[in-house]
Amino acid sequence: MQSMTELESWDWETKERLVADINGWRSKFPVIHECVASNDGEKISAPVRTEDGRFTACVNGESWENTFEKLWSLRFGPDDRLTCLVREDDQWTVAVDDETWGEGFEYAWNIQFTPDGKSIAVNVKGENGYGIALNNRTWENGFAEARDFAISPNGEFTAAGVQTKRLGEGDIFGFAEGIWTVAVNGKPWGKNFLNVWGIAFSSDSSKVAAEVRVGEYEYAIAVNGTPWNKIFKCVWEPIFYPQGDDVLAPVQVDEGWTLAKNGELIWDRKFVQAWHQKFSPDGQRIAAVVAPEFGKWTIAVDGSSWNRTFRDAVLPPVFSPDSKRVAAIVKENNRWTVAVEGSPWVEGFDMIWDPVFSPSGDRVAAKAEKEGKFYIVLDGKIGKQEFEALWSPIFSPDGKKLLVRSIEDGKYYRRVIPVEEI
Amino acid sequence: MAEPAKEIVVDPGLDETIKKLTPKKIEDTINRALTKGAAARLKVYMQTCVHCGLCAEACHFYLSHDKDPRFSPVGKVKQTLWEIIKRKGRVDGEFIKNCSRIAHTECNVCRRCSMYCPFGIDMAYLLLLVRRICALLGVVPQYLQDTVNSHAVTMNQMWVKQDEWIDTLQWQEEDAQDEVKNARIPLDKEGAEIMYSVIGPEPKFLAQLLGNIAIIMTVAGMDWTMPSFDGWDNSNMPMYSGDFETMARVERKHFEAAFKLKAKKIVMGECGHAFRGAVYDGPKWLAWKEPPVPVIHAVQFYYELIRDGKIRIARKFEQPVTIQEPCNIVRGRGLGDMLRYIMRATCEDFRDVSPRYEHNYCCCAGGGVINCGPPWKKSRVEGNKVKAEQLKATGAEVVVTPCHNCHSGIEDIVNYYKLGMHVKFFSEILVDVMEVPEDLKV
Amino acid sequence: MYEFVSGPLVWISFIVFIGGSLYRLGSMHKLAKKEKVIYPYMSLKYGLRSIIHWVIPFASTNMRRRPLMTIITFAFHICLVLTPIFLLSHNLLWYQSWKISWWTLPEGTSDIMTVIVILAAIFFLARRLVLPEVRFVTFASDYILLAIALAPFLTGFLAYHQWLPYKTILILHILSGELMLIAIPFTRLSHMLYFVFTRAYMGSEFGAVRNSKDW
């Protein structure tokens, strides 16, 4: 996510710029993989294979100086540094803007950034076993296994689910004793569980919460290793309240699913399903995806759900910057669209991307696909232009313009378009 | 009727776990399981069954055991659920162990019996309820439980670590490039038309199948992807052990992977139970009436590729070949005609089976039974003599099984009954007979 | 005695039969709603498709595999339901009490139909005793239910032919008929009530969800 100052520093004046002719790359590289565009739209890149069968990243037509045996998972971080996973001499590592981390690993995967993009971390498998490498520094402790991880907002910690003891083949009794826990910067919690999933950091980076399975059919949320004193039939991923150490998670009780704060139910209403709870930017409101009835999905805000429900699916809610409005991707009859405050756009699409609110919250835009072509949809209205490829639009700080990053006829353009002209 | 002595199978998942059970724990667990959530169907089915025994001949276990009534569907329900209800849950550990043996290892929940019951009683549902009770009590065959543990930890069936998964895809991609130019397994390609998912044993034991799909997708010119992250495995053993919370977690991951990749549909490899988990049991627990993203089974996918001319057949497979129809996609989805279409399109000498379509026999490996592991192998193979006879009668030399459970199960049957047949996945035939366009030839 | 069994007891048994049946169906509906996943899957089209295939003789595979059983089962159920409704002497009773009447079966026909029920019941009894797969799942209650279903017909037959003391047999006949009515909602004879629902549910699952047939 870009800060307002960053957004303001971008070029919001140049109406249109042809950044790169990707067709031209084909003469240079026999194989070009999927393109990625930088957030500010100034750069377009793709993993490419060179004539000699090696891989590199091509940025705006220029390839990196380094080439590798393999290169994948290419993406621009939040601060637009181009990051990917590379293999050389059978060692994997992370490459950032044509520079590789010094250390190589038996394997490295799952690149994650802090929201400001300054810290980068990956899962690694090295001589010590499994762990996490954060900004080119690997956990001192290795584990029998480490899966997934979360990175703290301040970029100083990583936390992963780790296996603390090796398990013999088919050893169901060893497993039942609990061999999994969460390790933060390589230091495991004092308590083990059958499973840990869904790790989250508090906003001040001081606390870690996770879903834990304390018995085969007993679920709870643990914070810094201590499970809630309430056991539930099932739980989903916890999140921290924006301020303080309170934790919010969907929990299943006999009557259905609802949300619990530190183990206490906060919504009276029970749903057939509830997950993907989100806080509004001001921290005052909570929205979540819920199924009020079997086979009917919608969004609930502070415990009461939209009247309109959707049969196929509803994806995680998105709050407007002023916290007043909520939008979400919805799907019915195999058509995707966006619903804002419970009202779906009339037009349905083959696919739609997360809705983007304008800074004032009064407009909603999204990238959508129909019959193989991509469009910008603004407040439900399909934009005039169709694209071969498109990235999600970004509103200018004053909300009057949209940054449109797109490919047409193999050419990548960066455009700044006034919202009335979409 | 003479009671043939049943061999005692040693399985710590049953023998050891029942030692920890107390009468109170058993009674409480059973009463919770039978009153919470399961009440309507259970009650009506219990009141409706007239004990007529007409379901007996639907069951391959019954037919293969010389019509021993203990193996009839209603016989299995009688020995388990009826008794549990009659005794109001006051049963002992030994009884629970027997329930697990019957429900986990002697019933494939294939639902053939539902088509023979005049009332349409879902006996598979009743035996799954028995499995649920056993699972809540921690009494599950060891190998099956280990698979469930794997699902809970890794979201895949075979303890495949995250790096192993990606690494396997990457070397299979390289292998595929030796066959077809620029063959690819595009990882995490956002917005691809298809997310392709497989079951854990593919990267673990049958990695060449991943290479095969890379070849097929490349030749057919498909816009597809596979997730590098958890959610790539569509299989689901907790669905069969009775651990429905873990089942749901696994299915949710599968669909959220598709959401994350913005895939328009999920195409899954040749597996039957995975289809059932992804299309019926998983979504149902999670409150989706239908899968939130359309799920297409490999048989239908190959049917569409061949029908639409995206894959052309260069020369047909010559050996006489027959099929095993996976219950979960034929009785469970009506794909029997598509399966025959692709068989005839690719094979010179296709020998159909009898009985067939919905009425075909289960492979006896499905429903989690093969996942109960080596201790139960003999019982499983002996429980499907009728399948051996059925396949033998076709005179085919090759059996195509578009399902992993069927594949392993039929292989065991072929060996045990010395049928002298080879067992193949359809994709193995397809890669063999399809035309590779000139510009893709290596 | 006769007055009691043919008067108040008839009332009571009909009230219990109808009230009890409504109660059973009502509680089934309530439970099915609570289970949440029942009604959303119900499909009228596929429910009916399944019911039709199972109320027509030989329309399902299993019926074709067992022709004798199929013929006897259909004959039994048809005669069991139709005979008491269209029997001349029952009709006369309705006319006496309520001044209503409807079409009746010729007496010879209803006599044959009664015999069919009796013979079929003997066949079912024999099945239970002889076939291992049926014997294995047979309880005392199964014999009792068969006896409850058989009794009104056996006594009716005897009464019609007046082979035993008529008055006693007639009282027994009425009592056994009342017993059967009362038993329907509260025993597994309620398969009569549930048949359409279990069938419709399975038909819906097979047809609407699984795209296949359940017969």
# chains A, B, ... in the order shown; residues from 1 in each chain; ligands from 1
$ residues_around --residues "Leu248 of chain A" --least-positions-apart "6" --cutoff "7 Å" --atoms "only C-alpha atoms" --output "mmCIF file with N, CA and C atoms, in the first residue's frame"
data_model
loop_
_atom_site.group_PDB
_atom_site.id
_atom_site.type_symbol
_atom_site.label_atom_id
_atom_site.label_comp_id
_atom_site.auth_asym_id
_atom_site.auth_seq_id
_atom_site.Cartn_x
_atom_site.Cartn_y
_atom_site.Cartn_z
ATOM 1 N N PRO A 238 -7.110 -15.193 12.918
ATOM 2 C CA PRO A 238 -7.309 -14.032 13.796
ATOM 3 C C PRO A 238 -6.672 -12.764 13.209
ATOM 4 N N ILE A 239 -7.157 -11.604 13.639
ATOM 5 C CA ILE A 239 -6.452 -10.346 13.375
ATOM 6 C C ILE A 239 -6.428 -9.554 14.681
ATOM 7 N N PHE A 240 -5.495 -8.646 14.791
ATOM 8 C CA PHE A 240 -5.421 -7.789 15.974
ATOM 9 C C PHE A 240 -6.280 -6.558 15.765
ATOM 10 N N TYR A 241 -6.822 -6.039 16.877
ATOM 11 C CA TYR A 241 -7.463 -4.736 16.812
ATOM 12 C C TYR A 241 -6.378 -3.722 16.445
ATOM 13 N N LEU A 259 -18.114 -13.760 15.496
ATOM 14 C CA LEU A 259 -16.781 -13.246 15.790
ATOM 15 C C LEU A 259 -16.568 -13.176 17.299
ATOM 16 N N ALA A 260 -15.344 -13.464 17.708
ATOM 17 C CA ALA A 260 -15.017 -13.404 19.129
ATOM 18 C C ALA A 260 -13.801 -12.512 19.330
ATOM 19 N N LYS A 261 -13.884 -11.694 20.401
ATOM 20 C CA LYS A 261 -12.756 -10.848 20.794
ATOM 21 C C LYS A 261 -12.148 -11.472 22.040
ATOM 22 N N ASN A 262 -10.898 -11.858 21.962
ATOM 23 C CA ASN A 262 -10.207 -12.524 23.079
ATOM 24 C C ASN A 262 -11.039 -13.676 23.653
#
$ residues_around --residues "segment 22-25 of chain A" --least-positions-apart "2" --cutoff "7 Å" --atoms "only C-alpha atoms" --output "VMD selection string"
chain A and resid 20 27 to 29 61 410 to 412
$ write_last_selection --atoms "C-alpha atoms" --output "compact mmCIF listing (two decimals), in the first residue's frame"
# COMPACT_ATOMS: atom_id res chain seq x y z
CA ALA A 20 7.64 -0.27 -23.57
CA SER A 27 13.16 -10.59 -31.04
CA LYS A 28 15.58 -10.47 -28.13
CA PHE A 29 14.23 -13.29 -25.99
CA GLY A 61 13.12 -3.55 -22.56
CA GLY A 410 1.66 -5.68 -27.18
CA LYS A 411 2.54 -2.15 -26.04
CA TYR A 412 2.59 -1.13 -22.41
$ residues_around --residues "segment 44-52 of chain B" --least-positions-apart "5" --cutoff "9 Å" --atoms "only C-alpha atoms" --output "PyMOL selection string"
(chain B and resi 39+74+82+117+119+121-123+126) or (chain C and resi 28+124+127-128+133-135+137-139+142+186-195+198)
$ write_last_selection --atoms "C-alpha atoms" --output "mmCIF file, in the first residue's frame"
data_model
loop_
_atom_site.group_PDB
_atom_site.id
_atom_site.type_symbol
_atom_site.label_atom_id
_atom_site.label_comp_id
_atom_site.auth_asym_id
_atom_site.auth_seq_id
_atom_site.Cartn_x
_atom_site.Cartn_y
_atom_site.Cartn_z
ATOM 1 C CA ALA B 39 -30.900 -35.320 13.379
ATOM 2 C CA VAL B 74 -27.916 -52.683 5.960
ATOM 3 C CA TRP B 82 -28.607 -49.432 15.063
ATOM 4 C CA CYS B 117 -32.869 -49.234 -1.603
ATOM 5 C CA PHE B 119 -36.601 -45.715 -0.164
ATOM 6 C CA ILE B 121 -31.856 -44.367 2.092
ATOM 7 C CA ASP B 122 -28.355 -42.948 1.998
ATOM 8 C CA MET B 123 -26.453 -45.714 3.706
ATOM 9 C CA LEU B 126 -25.133 -43.367 7.824
ATOM 10 C CA MET C 28 -39.478 -34.092 10.272
ATOM 11 C CA PHE C 124 -42.383 -61.751 3.532
ATOM 12 C CA ARG C 127 -38.077 -64.239 3.314
ATOM 13 C CA ARG C 128 -37.261 -63.099 6.809
ATOM 14 C CA GLU C 133 -29.319 -61.149 4.382
ATOM 15 C CA VAL C 134 -32.852 -60.495 5.592
ATOM 16 C CA ARG C 135 -32.674 -62.702 8.657
ATOM 17 C CA VAL C 137 -31.337 -57.596 9.997
ATOM 18 C CA THR C 138 -34.605 -58.973 11.356
ATOM 19 C CA PHE C 139 -35.744 -58.139 14.871
ATOM 20 C CA ASP C 142 -40.196 -56.846 12.227
ATOM 21 C CA PHE C 186 -45.292 -44.507 15.597
ATOM 22 C CA THR C 187 -43.583 -47.525 14.134
ATOM 23 C CA ARG C 188 -41.554 -48.250 11.046
ATOM 24 C CA LEU C 189 -44.877 -48.586 9.258
ATOM 25 C CA SER C 190 -44.304 -44.853 8.912
ATOM 26 C CA HIS C 191 -42.257 -45.691 5.842
ATOM 27 C CA MET C 192 -45.669 -45.056 4.295
ATOM 28 C CA LEU C 193 -45.370 -41.396 5.316
ATOM 29 C CA TYR C 194 -41.685 -40.958 4.654
ATOM 30 C CA PHE C 195 -41.381 -42.803 1.361
ATOM 31 C CA THR C 198 -36.629 -40.002 1.373
#
$ interface_residues --of "chain A" --to "chain C" --cutoff "8 Å" --atoms "only C-alpha atoms" --output "list in words"
Glu293, Phe294 and Gly295 of chain A
$ select_by_dssp --residues "segment 243-387 of chain B" --states "alpha helix (DSSP H)" --output "compact mmCIF listing (two decimals) with C-alpha atoms, in the first residue's frame"
# COMPACT_ATOMS: atom_id res chain seq x y z
CA PHE B 244 -14.94 -32.66 8.96
CA GLU B 245 -13.31 -29.54 10.42
CA THR B 246 -10.02 -30.46 8.76
CA MET B 247 -11.88 -31.46 5.61
CA ALA B 248 -13.40 -28.01 5.46
CA ARG B 249 -10.11 -26.26 6.10
CA VAL B 250 -8.50 -28.13 3.23
CA GLU B 251 -11.34 -27.38 0.82
CA ARG B 252 -11.39 -23.75 1.82
CA LYS B 253 -7.68 -23.47 1.04
CA HIS B 254 -8.30 -25.05 -2.36
CA PHE B 255 -10.96 -22.51 -3.31
CA GLU B 256 -9.12 -19.58 -1.81
CA ALA B 257 -6.15 -20.50 -3.96
CA ALA B 258 -8.43 -20.15 -6.98
CA PHE B 259 -9.75 -16.81 -5.68
CA LYS B 260 -6.23 -15.56 -5.11
CA LEU B 261 -5.14 -16.57 -8.59
CA GLY B 272 -12.66 -39.25 -7.92
CA HIS B 273 -12.77 -38.61 -4.20
CA ALA B 274 -11.10 -35.24 -4.74
CA PHE B 275 -13.99 -34.32 -6.99
CA ARG B 276 -16.47 -35.34 -4.33
CA GLY B 282 -16.36 -29.65 1.26
CA PRO B 283 -18.51 -26.79 -0.01
CA LYS B 284 -21.50 -28.13 1.92
CA TRP B 285 -19.72 -27.90 5.26
CA LEU B 286 -18.48 -24.43 4.40
CA ALA B 298 -10.09 -34.33 -15.88
CA VAL B 299 -12.44 -36.66 -17.75
CA GLN B 300 -14.68 -33.78 -18.71
CA PHE B 301 -11.70 -31.58 -19.46
CA TYR B 302 -10.13 -34.14 -21.81
CA TYR B 303 -13.53 -34.74 -23.37
CA GLU B 304 -13.81 -31.03 -24.15
CA LEU B 305 -10.25 -30.83 -25.50
CA ILE B 306 -10.80 -33.75 -27.85
CA ARG B 307 -14.33 -32.75 -28.85
CA GLY B 336 -19.82 -42.10 -17.88
CA ASP B 337 -20.59 -41.02 -21.43
CA MET B 338 -17.72 -38.55 -21.60
CA LEU B 339 -15.39 -41.25 -20.34
CA ARG B 340 -16.52 -43.57 -23.13
CA TYR B 341 -16.19 -40.78 -25.66
CA ILE B 342 -12.54 -40.15 -24.80
CA MET B 343 -11.81 -43.87 -24.65
CA ARG B 344 -13.23 -44.49 -28.12
CA ALA B 345 -11.50 -41.40 -29.45
CA THR B 346 -8.11 -42.62 -28.31
CA LYS B 377 -5.00 -54.45 2.12
CA LYS B 378 -5.96 -58.10 2.14
CA SER B 379 -9.44 -57.40 3.41
CA ARG B 380 -9.83 -54.72 0.77
CA VAL B 381 -8.70 -56.85 -2.12
CA GLU B 382 -10.75 -59.82 -1.00
CA LYS B 385 -13.58 -60.35 -6.08
CA VAL B 386 -16.50 -59.24 -8.22
CA LYS B 387 -14.40 -56.47 -9.69
$ atom_distance --atom1 "atom CA of Trp10 of chain A" --atom2 "atom CA of Pro115 of chain A"
18.0 Å
$ residues_around --residues "Leu167 of chain A" --least-positions-apart "2" --cutoff "12 Å" --atoms "only C-alpha atoms" --output "list in words"
Ala144, Glu145, Gln163, Thr164, Lys165, Glu169, Gly170, Asp171, Ile172, Phe173, Gly174, Phe175, Ala176, Glu177, Gly178, Ile179 and Trp180 of chain A; Asp146, Asn149, Ser150 and Trp159 of chain B
$ interface_residues --of "chain B" --to "chain A" --cutoff "6 Å" --atoms "only C-alpha atoms" --output "PyMOL selection string"
chain B and resi 146+287-289+292
$ residues_around --residues "Ile133 of chain B" --least-positions-apart "2" --cutoff "9 Å" --atoms "only C-alpha atoms" --output "PyMOL selection string"
chain B and resi 26+29-30+33-34+96+100+128-131+135-139+242
$ residues_around --residues "Leu105 of chain C" --least-positions-apart "3" --cutoff "7 Å" --atoms "only C-alpha atoms" --output "list in words"
Phe86, Leu87, Leu88, Thr109 and Ser110 of chain C
$ residues_around --residues "segment 187-189 of chain B" --least-positions-apart "4" --cutoff "6 Å" --atoms "only C-alpha atoms" --output "list in words"
Thr225, Met226, Pro227 and Ser228 of chain B
$ write_last_selection --atoms "N, CA and C atoms" --output "PDB file, in the first residue's frame"
ATOM      1  N   THR B 225      -2.700 -22.278 -14.787  1.00  0.00           N
ATOM      2  CA  THR B 225      -1.699 -22.037 -13.749  1.00  0.00           C
ATOM      3  C   THR B 225      -1.826 -23.078 -12.649  1.00  0.00           C
ATOM      4  N   MET B 226      -0.795 -23.155 -11.832  1.00  0.00           N
ATOM      5  CA  MET B 226      -0.862 -23.953 -10.607  1.00  0.00           C
ATOM      6  C   MET B 226      -0.352 -23.080  -9.476  1.00  0.00           C
ATOM      7  N   PRO B 227      -0.960 -23.196  -8.284  1.00  0.00           N
ATOM      8  CA  PRO B 227      -0.481 -22.378  -7.175  1.00  0.00           C
ATOM      9  C   PRO B 227       0.836 -22.918  -6.635  1.00  0.00           C
ATOM     10  N   SER B 228       1.748 -22.015  -6.288  1.00  0.00           N
ATOM     11  CA  SER B 228       2.993 -22.464  -5.655  1.00  0.00           C
ATOM     12  C   SER B 228       2.772 -22.623  -4.156  1.00  0.00           C
TER      13      SER B 228
END
$ atom_distance --atom1 "atom CA of Val326 of chain A" --atom2 "atom CA of Lys278 of chain A"
10.3 Å
$ select_by_dssp --residues "segment 249-365 of chain B" --states "strand (DSSP E)" --output "count of residues only"
10
